[in-house]
>>> print(open('target01.cif').read())   # mmCIF, C-alpha atoms, pLDDT in the B column; chains and numbers go by the auth columns
data_run
loop_
_atom_site.group_PDB
_atom_site.id
_atom_site.type_symbol
_atom_site.label_atom_id
_atom_site.label_comp_id
_atom_site.label_asym_id
_atom_site.label_seq_id
_atom_site.Cartn_x
_atom_site.Cartn_y
_atom_site.Cartn_z
_atom_site.B_iso_or_equiv
_atom_site.auth_seq_id
_atom_site.auth_asym_id
ATOM 1 C CA MET A 1 20.833 -3.539 12.432 93.00 1 F
ATOM 2 C CA VAL A 2 18.899 -2.028 9.535 96.00 2 F
ATOM 3 C CA ARG A 3 17.093 -3.989 6.832 97.00 3 F
ATOM 4 C CA ILE A 4 15.424 -2.939 3.600 98.00 4 F
ATOM 5 C CA GLY A 5 12.422 -4.438 1.797 98.00 5 F
ATOM 6 C CA HIS A 6 10.650 -3.879 -1.495 98.00 6 F
ATOM 7 C CA GLY A 7 6.929 -4.289 -2.104 98.00 7 F
ATOM 8 C CA TYR A 8 4.952 -4.361 -5.324 98.00 8 F
ATOM 9 C CA ASP A 9 1.240 -4.779 -5.921 97.00 9 F
ATOM 10 C CA VAL A 10 -1.162 -4.455 -8.842 97.00 10 F
ATOM 11 C CA HIS A 11 -4.947 -4.503 -9.105 97.00 11 F
ATOM 12 C CA LYS A 12 -7.357 -4.306 -12.006 97.00 12 F
ATOM 13 C CA LEU A 13 -9.607 -1.233 -12.398 96.00 13 F
ATOM 14 C CA VAL A 14 -13.339 -1.995 -12.674 97.00 14 F
ATOM 15 C CA ARG A 15 -16.627 -0.133 -12.503 96.00 15 F
ATOM 16 C CA GLY A 16 -18.702 -0.476 -9.344 94.00 16 F
ATOM 17 C CA ARG A 17 -15.810 -0.403 -6.854 96.00 17 F
ATOM 18 C CA LYS A 18 -14.493 2.416 -4.674 96.00 18 F
ATOM 19 C CA LEU A 19 -10.997 3.688 -5.429 97.00 19 F
ATOM 20 C CA ILE A 20 -8.999 3.630 -2.203 97.00 20 F
ATOM 21 C CA LEU A 21 -5.288 4.477 -2.152 98.00 21 F
ATOM 22 C CA GLY A 22 -3.291 4.913 1.027 98.00 22 F
ATOM 23 C CA GLY A 23 -6.543 4.750 2.964 97.00 23 F
ATOM 24 C CA VAL A 24 -8.009 7.700 1.022 98.00 24 F
ATOM 25 C CA GLU A 25 -11.234 7.273 -0.946 97.00 25 F
ATOM 26 C CA ILE A 26 -10.849 9.081 -4.266 97.00 26 F
ATOM 27 C CA GLU A 27 -13.724 10.008 -6.561 95.00 27 F
ATOM 28 C CA HIS A 28 -13.255 8.111 -9.831 96.00 28 F
ATOM 29 C CA GLU A 29 -15.441 6.208 -12.287 95.00 29 F
ATOM 30 C CA LYS A 30 -13.540 2.978 -11.523 96.00 30 F
ATOM 31 C CA GLY A 31 -12.111 1.331 -8.451 96.00 31 F
ATOM 32 C CA LEU A 32 -9.629 -1.444 -7.804 96.00 32 F
ATOM 33 C CA LEU A 33 -10.787 -5.052 -7.809 95.00 33 F
ATOM 34 C CA GLY A 34 -9.670 -7.273 -4.949 92.00 34 F
ATOM 35 C CA HIS A 35 -10.715 -9.410 -2.009 91.00 35 F
ATOM 36 C CA SER A 36 -10.049 -6.563 0.450 92.00 36 F
ATOM 37 C CA ASP A 37 -10.517 -2.874 -0.357 94.00 37 F
ATOM 38 C CA ALA A 38 -7.757 -3.474 -2.981 95.00 38 F
ATOM 39 C CA ASP A 39 -5.654 -0.531 -1.755 97.00 39 F
ATOM 40 C CA VAL A 40 -2.681 -1.218 -4.021 98.00 40 F
ATOM 41 C CA LEU A 41 -0.479 1.379 -2.288 98.00 41 F
ATOM 42 C CA THR A 42 -1.010 0.080 1.228 98.00 42 F
ATOM 43 C CA HIS A 43 -0.529 -3.505 0.023 98.00 43 F
ATOM 44 C CA ALA A 44 2.861 -2.597 -1.469 98.00 44 F
ATOM 45 C CA VAL A 45 3.851 -0.903 1.808 98.00 45 F
ATOM 46 C CA CYS A 46 2.820 -4.000 3.796 98.00 46 F
ATOM 47 C CA ASP A 47 4.884 -6.237 1.540 98.00 47 F
ATOM 48 C CA ALA A 48 7.916 -3.943 1.753 98.00 48 F
ATOM 49 C CA LEU A 49 7.793 -4.024 5.560 98.00 49 F
ATOM 50 C CA LEU A 50 7.240 -7.781 5.721 98.00 50 F
ATOM 51 C CA GLY A 51 9.981 -8.368 3.164 98.00 51 F
ATOM 52 C CA ALA A 52 12.463 -6.299 5.139 98.00 52 F
ATOM 53 C CA ALA A 53 11.830 -8.490 8.176 97.00 53 F
ATOM 54 C CA ALA A 54 11.722 -11.715 6.092 97.00 54 F
ATOM 55 C CA LEU A 55 8.210 -12.398 7.438 97.00 55 F
ATOM 56 C CA GLY A 56 6.498 -13.356 4.185 95.00 56 F
ATOM 57 C CA ASP A 57 3.897 -11.229 2.438 95.00 57 F
ATOM 58 C CA ILE A 58 0.331 -10.042 2.867 94.00 58 F
ATOM 59 C CA GLY A 59 -1.026 -12.922 0.786 92.00 59 F
ATOM 60 C CA LYS A 60 0.439 -15.306 3.347 92.00 60 F
ATOM 61 C CA LEU A 61 -0.800 -13.347 6.377 92.00 61 F
ATOM 62 C CA PHE A 62 -4.183 -12.270 4.995 91.00 62 F
ATOM 63 C CA PRO A 63 -5.116 -14.835 2.302 83.00 63 F
ATOM 64 C CA ASP A 64 -7.882 -14.013 -0.162 85.00 64 F
ATOM 65 C CA SER A 65 -9.298 -17.467 0.557 87.00 65 F
ATOM 66 C CA ASP A 66 -10.207 -16.317 4.086 83.00 66 F
ATOM 67 C CA GLU A 67 -13.616 -14.620 4.195 85.00 67 F
ATOM 68 C CA LYS A 68 -12.705 -12.579 7.279 84.00 68 F
ATOM 69 C CA TYR A 69 -10.549 -10.424 4.978 82.00 69 F
ATOM 70 C CA SER A 70 -13.316 -9.860 2.433 83.00 70 F
ATOM 71 C CA GLY A 71 -13.616 -6.082 2.031 81.00 71 F
ATOM 72 C CA ALA A 72 -10.896 -5.551 4.663 86.00 72 F
ATOM 73 C CA ASP A 73 -9.591 -2.049 5.316 94.00 73 F
ATOM 74 C CA SER A 74 -5.973 -2.193 4.163 96.00 74 F
ATOM 75 C CA ILE A 75 -4.857 0.485 6.621 97.00 75 F
ATOM 76 C CA GLY A 76 -6.107 -1.889 9.329 96.00 76 F
ATOM 77 C CA LEU A 77 -4.042 -4.664 7.751 97.00 77 F
ATOM 78 C CA LEU A 78 -1.007 -2.354 7.759 98.00 78 F
ATOM 79 C CA LYS A 79 -1.499 -1.748 11.487 98.00 79 F
ATOM 80 C CA GLN A 80 -1.464 -5.522 12.003 97.00 80 F
ATOM 81 C CA VAL A 81 1.732 -5.821 9.933 98.00 81 F
ATOM 82 C CA VAL A 82 3.409 -3.141 12.055 98.00 82 F
ATOM 83 C CA LYS A 83 2.363 -4.962 15.242 98.00 83 F
ATOM 84 C CA ILE A 84 3.884 -8.178 13.871 97.00 84 F
ATOM 85 C CA LEU A 85 7.083 -6.256 13.056 97.00 85 F
ATOM 86 C CA ASN A 86 7.214 -4.703 16.518 97.00 86 F
ATOM 87 C CA ASP A 87 6.560 -8.076 18.172 97.00 87 F
ATOM 88 C CA SER A 88 9.433 -9.496 16.089 97.00 88 F
ATOM 89 C CA GLY A 89 11.850 -6.831 17.362 97.00 89 F
ATOM 90 C CA PHE A 90 11.684 -4.350 14.473 98.00 90 F
ATOM 91 C CA CYS A 91 10.475 -0.789 14.003 97.00 91 F
ATOM 92 C CA VAL A 92 9.820 1.274 10.892 98.00 92 F
ATOM 93 C CA VAL A 93 12.512 3.796 9.959 98.00 93 F
ATOM 94 C CA ASN A 94 11.053 5.136 6.711 98.00 94 F
ATOM 95 C CA ILE A 95 8.951 4.265 3.666 98.00 95 F
ATOM 96 C CA ASP A 96 9.190 5.500 0.082 98.00 96 F
ATOM 97 C CA SER A 97 6.400 4.579 -2.335 98.00 97 F
ATOM 98 C CA THR A 98 5.111 5.261 -5.829 98.00 98 F
ATOM 99 C CA VAL A 99 1.639 4.713 -7.275 98.00 99 F
ATOM 100 C CA VAL A 100 1.547 4.049 -11.024 97.00 100 F
ATOM 101 C CA ALA A 101 -1.777 5.241 -12.493 96.00 101 F
ATOM 102 C CA GLN A 102 -2.781 7.071 -15.649 95.00 102 F
ATOM 103 C CA LYS A 103 -5.893 8.584 -14.031 94.00 103 F
ATOM 104 C CA PRO A 104 -6.978 10.166 -11.790 95.00 104 F
ATOM 105 C CA LYS A 105 -4.281 12.670 -10.952 94.00 105 F
ATOM 106 C CA LEU A 106 -3.205 11.884 -7.393 96.00 106 F
ATOM 107 C CA SER A 107 -1.018 14.799 -6.275 94.00 107 F
ATOM 108 C CA ALA A 108 -3.879 16.417 -4.314 96.00 108 F
ATOM 109 C CA PHE A 109 -4.234 13.236 -2.229 97.00 109 F
ATOM 110 C CA THR A 110 -0.655 12.226 -1.468 97.00 110 F
ATOM 111 C CA ASP A 111 -0.355 14.174 1.801 98.00 111 F
ATOM 112 C CA SER A 112 -3.492 12.461 3.149 98.00 112 F
ATOM 113 C CA MET A 113 -2.102 9.098 2.061 98.00 113 F
ATOM 114 C CA ARG A 114 1.182 9.878 3.816 98.00 114 F
ATOM 115 C CA ALA A 115 -0.686 10.831 6.980 98.00 115 F
ATOM 116 C CA ASN A 116 -2.716 7.597 6.987 98.00 116 F
ATOM 117 C CA ILE A 117 0.325 5.415 6.401 98.00 117 F
ATOM 118 C CA SER A 118 2.459 7.246 8.968 98.00 118 F
ATOM 119 C CA ARG A 119 -0.260 6.889 11.637 98.00 119 F
ATOM 120 C CA ALA A 120 -0.679 3.188 10.888 98.00 120 F
ATOM 121 C CA CYS A 121 3.095 2.694 11.152 98.00 121 F
ATOM 122 C CA GLY A 122 3.504 4.836 14.267 97.00 122 F
ATOM 123 C CA VAL A 123 6.057 7.142 12.663 98.00 123 F
ATOM 124 C CA ASP A 124 6.206 10.842 11.888 98.00 124 F
ATOM 125 C CA ILE A 125 4.812 11.831 8.487 98.00 125 F
ATOM 126 C CA SER A 126 8.294 13.062 7.522 98.00 126 F
ATOM 127 C CA ARG A 127 9.332 9.385 7.338 98.00 127 F
ATOM 128 C CA VAL A 128 6.727 8.473 4.700 98.00 128 F
ATOM 129 C CA SER A 129 6.901 9.436 1.043 98.00 129 F
ATOM 130 C CA VAL A 130 4.091 8.842 -1.463 98.00 130 F
ATOM 131 C CA LYS A 131 4.605 9.777 -5.091 98.00 131 F
ATOM 132 C CA ALA A 132 2.464 9.208 -8.167 97.00 132 F
ATOM 133 C CA THR A 133 3.412 8.765 -11.794 96.00 133 F
ATOM 134 C CA THR A 134 1.801 7.820 -15.084 94.00 134 F
ATOM 135 C CA GLU A 135 3.188 5.497 -17.726 91.00 135 F
ATOM 136 C CA GLU A 136 2.497 7.985 -20.494 91.00 136 F
ATOM 137 C CA GLY A 137 -0.298 5.822 -21.907 88.00 137 F
ATOM 138 C CA LEU A 138 1.857 2.681 -22.040 86.00 138 F
ATOM 139 C CA GLY A 139 1.160 -0.716 -20.485 90.00 139 F
ATOM 140 C CA PHE A 140 -1.837 -1.818 -18.429 89.00 140 F
ATOM 141 C CA SER A 141 -1.764 1.227 -16.152 90.00 141 F
ATOM 142 C CA GLY A 142 -1.302 3.595 -19.073 89.00 142 F
ATOM 143 C CA GLU A 143 -4.311 2.013 -20.759 90.00 143 F
ATOM 144 C CA GLU A 144 -6.264 2.466 -17.482 91.00 144 F
ATOM 145 C CA ALA A 145 -6.801 -1.290 -17.057 92.00 145 F
ATOM 146 C CA GLY A 146 -5.233 -1.246 -13.594 95.00 146 F
ATOM 147 C CA MET A 147 -2.929 0.439 -11.115 97.00 147 F
ATOM 148 C CA ALA A 148 0.322 -0.618 -9.531 97.00 148 F
ATOM 149 C CA ALA A 149 2.400 0.531 -6.592 98.00 149 F
ATOM 150 C CA HIS A 150 5.997 0.072 -5.486 98.00 150 F
ATOM 151 C CA ALA A 151 7.285 0.633 -1.967 98.00 151 F
ATOM 152 C CA VAL A 152 10.646 0.457 -0.268 98.00 152 F
ATOM 153 C CA ALA A 153 10.832 0.271 3.514 98.00 153 F
ATOM 154 C CA LEU A 154 13.741 0.578 5.902 98.00 154 F
ATOM 155 C CA ILE A 155 13.361 -1.062 9.303 98.00 155 F
ATOM 156 C CA GLU A 156 15.716 -1.492 12.229 97.00 156 F
ATOM 157 C CA THR A 157 15.966 -3.789 15.200 95.00 157 F
ATOM 158 C CA THR A 158 14.655 -2.392 18.463 88.00 158 F
ATOM 159 C CA ASP A 159 17.112 -4.147 20.789 75.00 159 F
#
>>> encode(input="target01.cif", output="structure tokens")
Amino acid sequence: MVRIGHGYDVHKLVRGRKLILGGVEIEHEKGLLGHSDADVLTHAVCDALLGAAALGDIGKLFPDSDEKYSGADSIGLLKQVVKILNDSGFCVVNIDSTVVAQKPKLSAFTDSMRANISRACGVDISRVSVKATTEEGLGFSGEEAGMAAHAVALIETTD
């Protein structure tokens, strides 16, 4: 049996934080604000995988009220999500994702993001897509107030 899930996440851009997307640190004057490393892309991927398996979301598994997740590496959280999926009888088939950000330009980093996500999920890089788009100056991401990410994941049962 195959199942599909959708994930969405958004974080505010602020000065004094690192910008981490798909486990890649990117030089930028602002970073994403959050309890963990605020990796909006990896959070959307986690939620897509959990949604496909009907196992909740990352806020339920890794609540921002729990100090042990303060500053957490989101790729590490993704590895935990994949373990939960595997333990529940599922495996990752493929992931398609999009980061919505006006700046910085992300095309030079998407292959590294794909590699990090594919390793964390235990799948070949050919099964992970990361794209980036702007909103042409519109909305909160277009005004550089924040970034968002969407992800769709296909999983299948392992039995």
>>> atom_distance(input="target01.cif", atom1="atom CA of F:Asp57", atom2="atom CA of F:Val93")
18.9 Å
>>> resolve_selection(input="target01.cif", expression="the PyMOL selection byres ((chain F and resi 86) around 12)", output="list in words")
Leu49, Leu50, Ala53, Leu55, Lys79, Gln80, Val81, Val82, Lys83, Ile84, Leu85, Asp87, Ser88, Gly89, Phe90, Cys91, Val92, Val93, Cys121, Gly122, Ile155, Glu156, Thr157, Thr158 and Asp159 of chain F
>>> atom_distance(input="target01.cif", atom1="atom CA of F:Lys68", atom2="atom CA of F:Ala52")
26.0 Å
>>> closest_residue(input="target01.cif", among="F:Ala38, F:Ser97, F:Lys131, F:Gly7", to="F:Gly56", atoms="all atoms listed in the file")
F:Gly7
>>> residues_around(input="target01.cif", residues="stretch 13-30 of chain F", least_positions_apart="5", cutoff="8 Å", atoms="only C-alpha atoms", output="PyMOL selection string")
chain F and resi 37-42+73-75+104+109+112-114+116-117+144-147
>>> write_last_selection(input="target01.cif", atoms="C-alpha atoms", output="PDB file, in the frame of the given file")
ATOM      1  CA  ASP F  37     -10.517  -2.874  -0.357  1.00 94.00           C
ATOM      2  CA  ALA F  38      -7.757  -3.474  -2.981  1.00 95.00           C
ATOM      3  CA  ASP F  39      -5.654  -0.531  -1.755  1.00 97.00           C
ATOM      4  CA  VAL F  40      -2.681  -1.218  -4.021  1.00 98.00           C
ATOM      5  CA  LEU F  41      -0.479   1.379  -2.288  1.00 98.00           C
ATOM      6  CA  THR F  42      -1.010   0.080   1.228  1.00 98.00           C
ATOM      7  CA  ASP F  73      -9.591  -2.049   5.316  1.00 94.00           C
ATOM      8  CA  SER F  74      -5.973  -2.193   4.163  1.00 96.00           C
ATOM      9  CA  ILE F  75      -4.857   0.485   6.621  1.00 97.00           C
ATOM     10  CA  PRO F 104      -6.978  10.166 -11.790  1.00 95.00           C
ATOM     11  CA  PHE F 109      -4.234  13.236  -2.229  1.00 97.00           C
ATOM     12  CA  SER F 112      -3.492  12.461   3.149  1.00 98.00           C
ATOM     13  CA  MET F 113      -2.102   9.098   2.061  1.00 98.00           C
ATOM     14  CA  ARG F 114       1.182   9.878   3.816  1.00 98.00           C
ATOM     15  CA  ASN F 116      -2.716   7.597   6.987  1.00 98.00           C
ATOM     16  CA  ILE F 117       0.325   5.415   6.401  1.00 98.00           C
ATOM     17  CA  GLU F 144      -6.264   2.466 -17.482  1.00 91.00           C
ATOM     18  CA  ALA F 145      -6.801  -1.290 -17.057  1.00 92.00           C
ATOM     19  CA  GLY F 146      -5.233  -1.246 -13.594  1.00 95.00           C
ATOM     20  CA  MET F 147      -2.929   0.439 -11.115  1.00 97.00           C
TER      21      MET F 147
END
>>> residues_around(input="target01.cif", residues="F:Thr98", least_positions_apart="2", cutoff="6 Å", atoms="only C-alpha atoms", output="list of chain:residue names")
F:Val130, F:Lys131, F:Ala132, F:Ala149, F:His150
>>> residues_around(input="target01.cif", residues="F:Phe62", least_positions_apart="2", cutoff="12 Å", atoms="all atoms listed in the file", output="PyMOL selection string")
chain F and resi 35-36+43+46-47+56-60+64-74+76-78+80-81
>>> atom_distance(input="target01.cif", atom1="atom CA of F:Leu61", atom2="atom CA of F:Leu106")
28.8 Å
>>> closest_residue(input="target01.cif", among="F:Ser118, F:Ser126, F:Thr133, F:Ser141", to="F:His11", atoms="all atoms listed in the file")
F:Ser141
>>> residues_around(input="target01.cif", residues="F:Val152", least_positions_apart="5", cutoff="7 Å", atoms="only C-alpha atoms", output="PDB file with C-alpha atoms, keeping the file's coordinate frame")
ATOM      1  CA  GLY F   5      12.422  -4.438   1.797  1.00 98.00           C
ATOM      2  CA  HIS F   6      10.650  -3.879  -1.495  1.00 98.00           C
ATOM      3  CA  GLY F   7       6.929  -4.289  -2.104  1.00 98.00           C
ATOM      4  CA  ALA F  48       7.916  -3.943   1.753  1.00 98.00           C
ATOM      5  CA  ILE F  95       8.951   4.265   3.666  1.00 98.00           C
ATOM      6  CA  ASP F  96       9.190   5.500   0.082  1.00 98.00           C
ATOM      7  CA  SER F  97       6.400   4.579  -2.335  1.00 98.00           C
TER       8      SER F  97
END
>>> closest_residue(input="target01.cif", among="F:Ala120, F:Ala115, F:Val100, F:Val2", to="F:Gly137", atoms="all atoms listed in the file")
F:Val100
>>> residues_around(input="target01.cif", residues="F:Ala148", least_positions_apart="3", cutoff="6 Å", atoms="all atoms listed in the file", output="list in words")
Asp9, Val10, Val99 and Val100 of chain F
>>> closest_residue(input="target01.cif", among="F:Ala54, F:Ser129, F:Val123, F:Gly31", to="F:Lys12", atoms="all atoms listed in the file")
F:Gly31
>>> axis_aligned_box(input="target01.cif", around="stretch 80-90 of chain F", padding_each_side="5 Å", output="JSON")
{"center_x": 5.2, "center_y": -6.3, "center_z": 14.1, "size_x": 23.3, "size_y": 16.4, "size_z": 18.2}
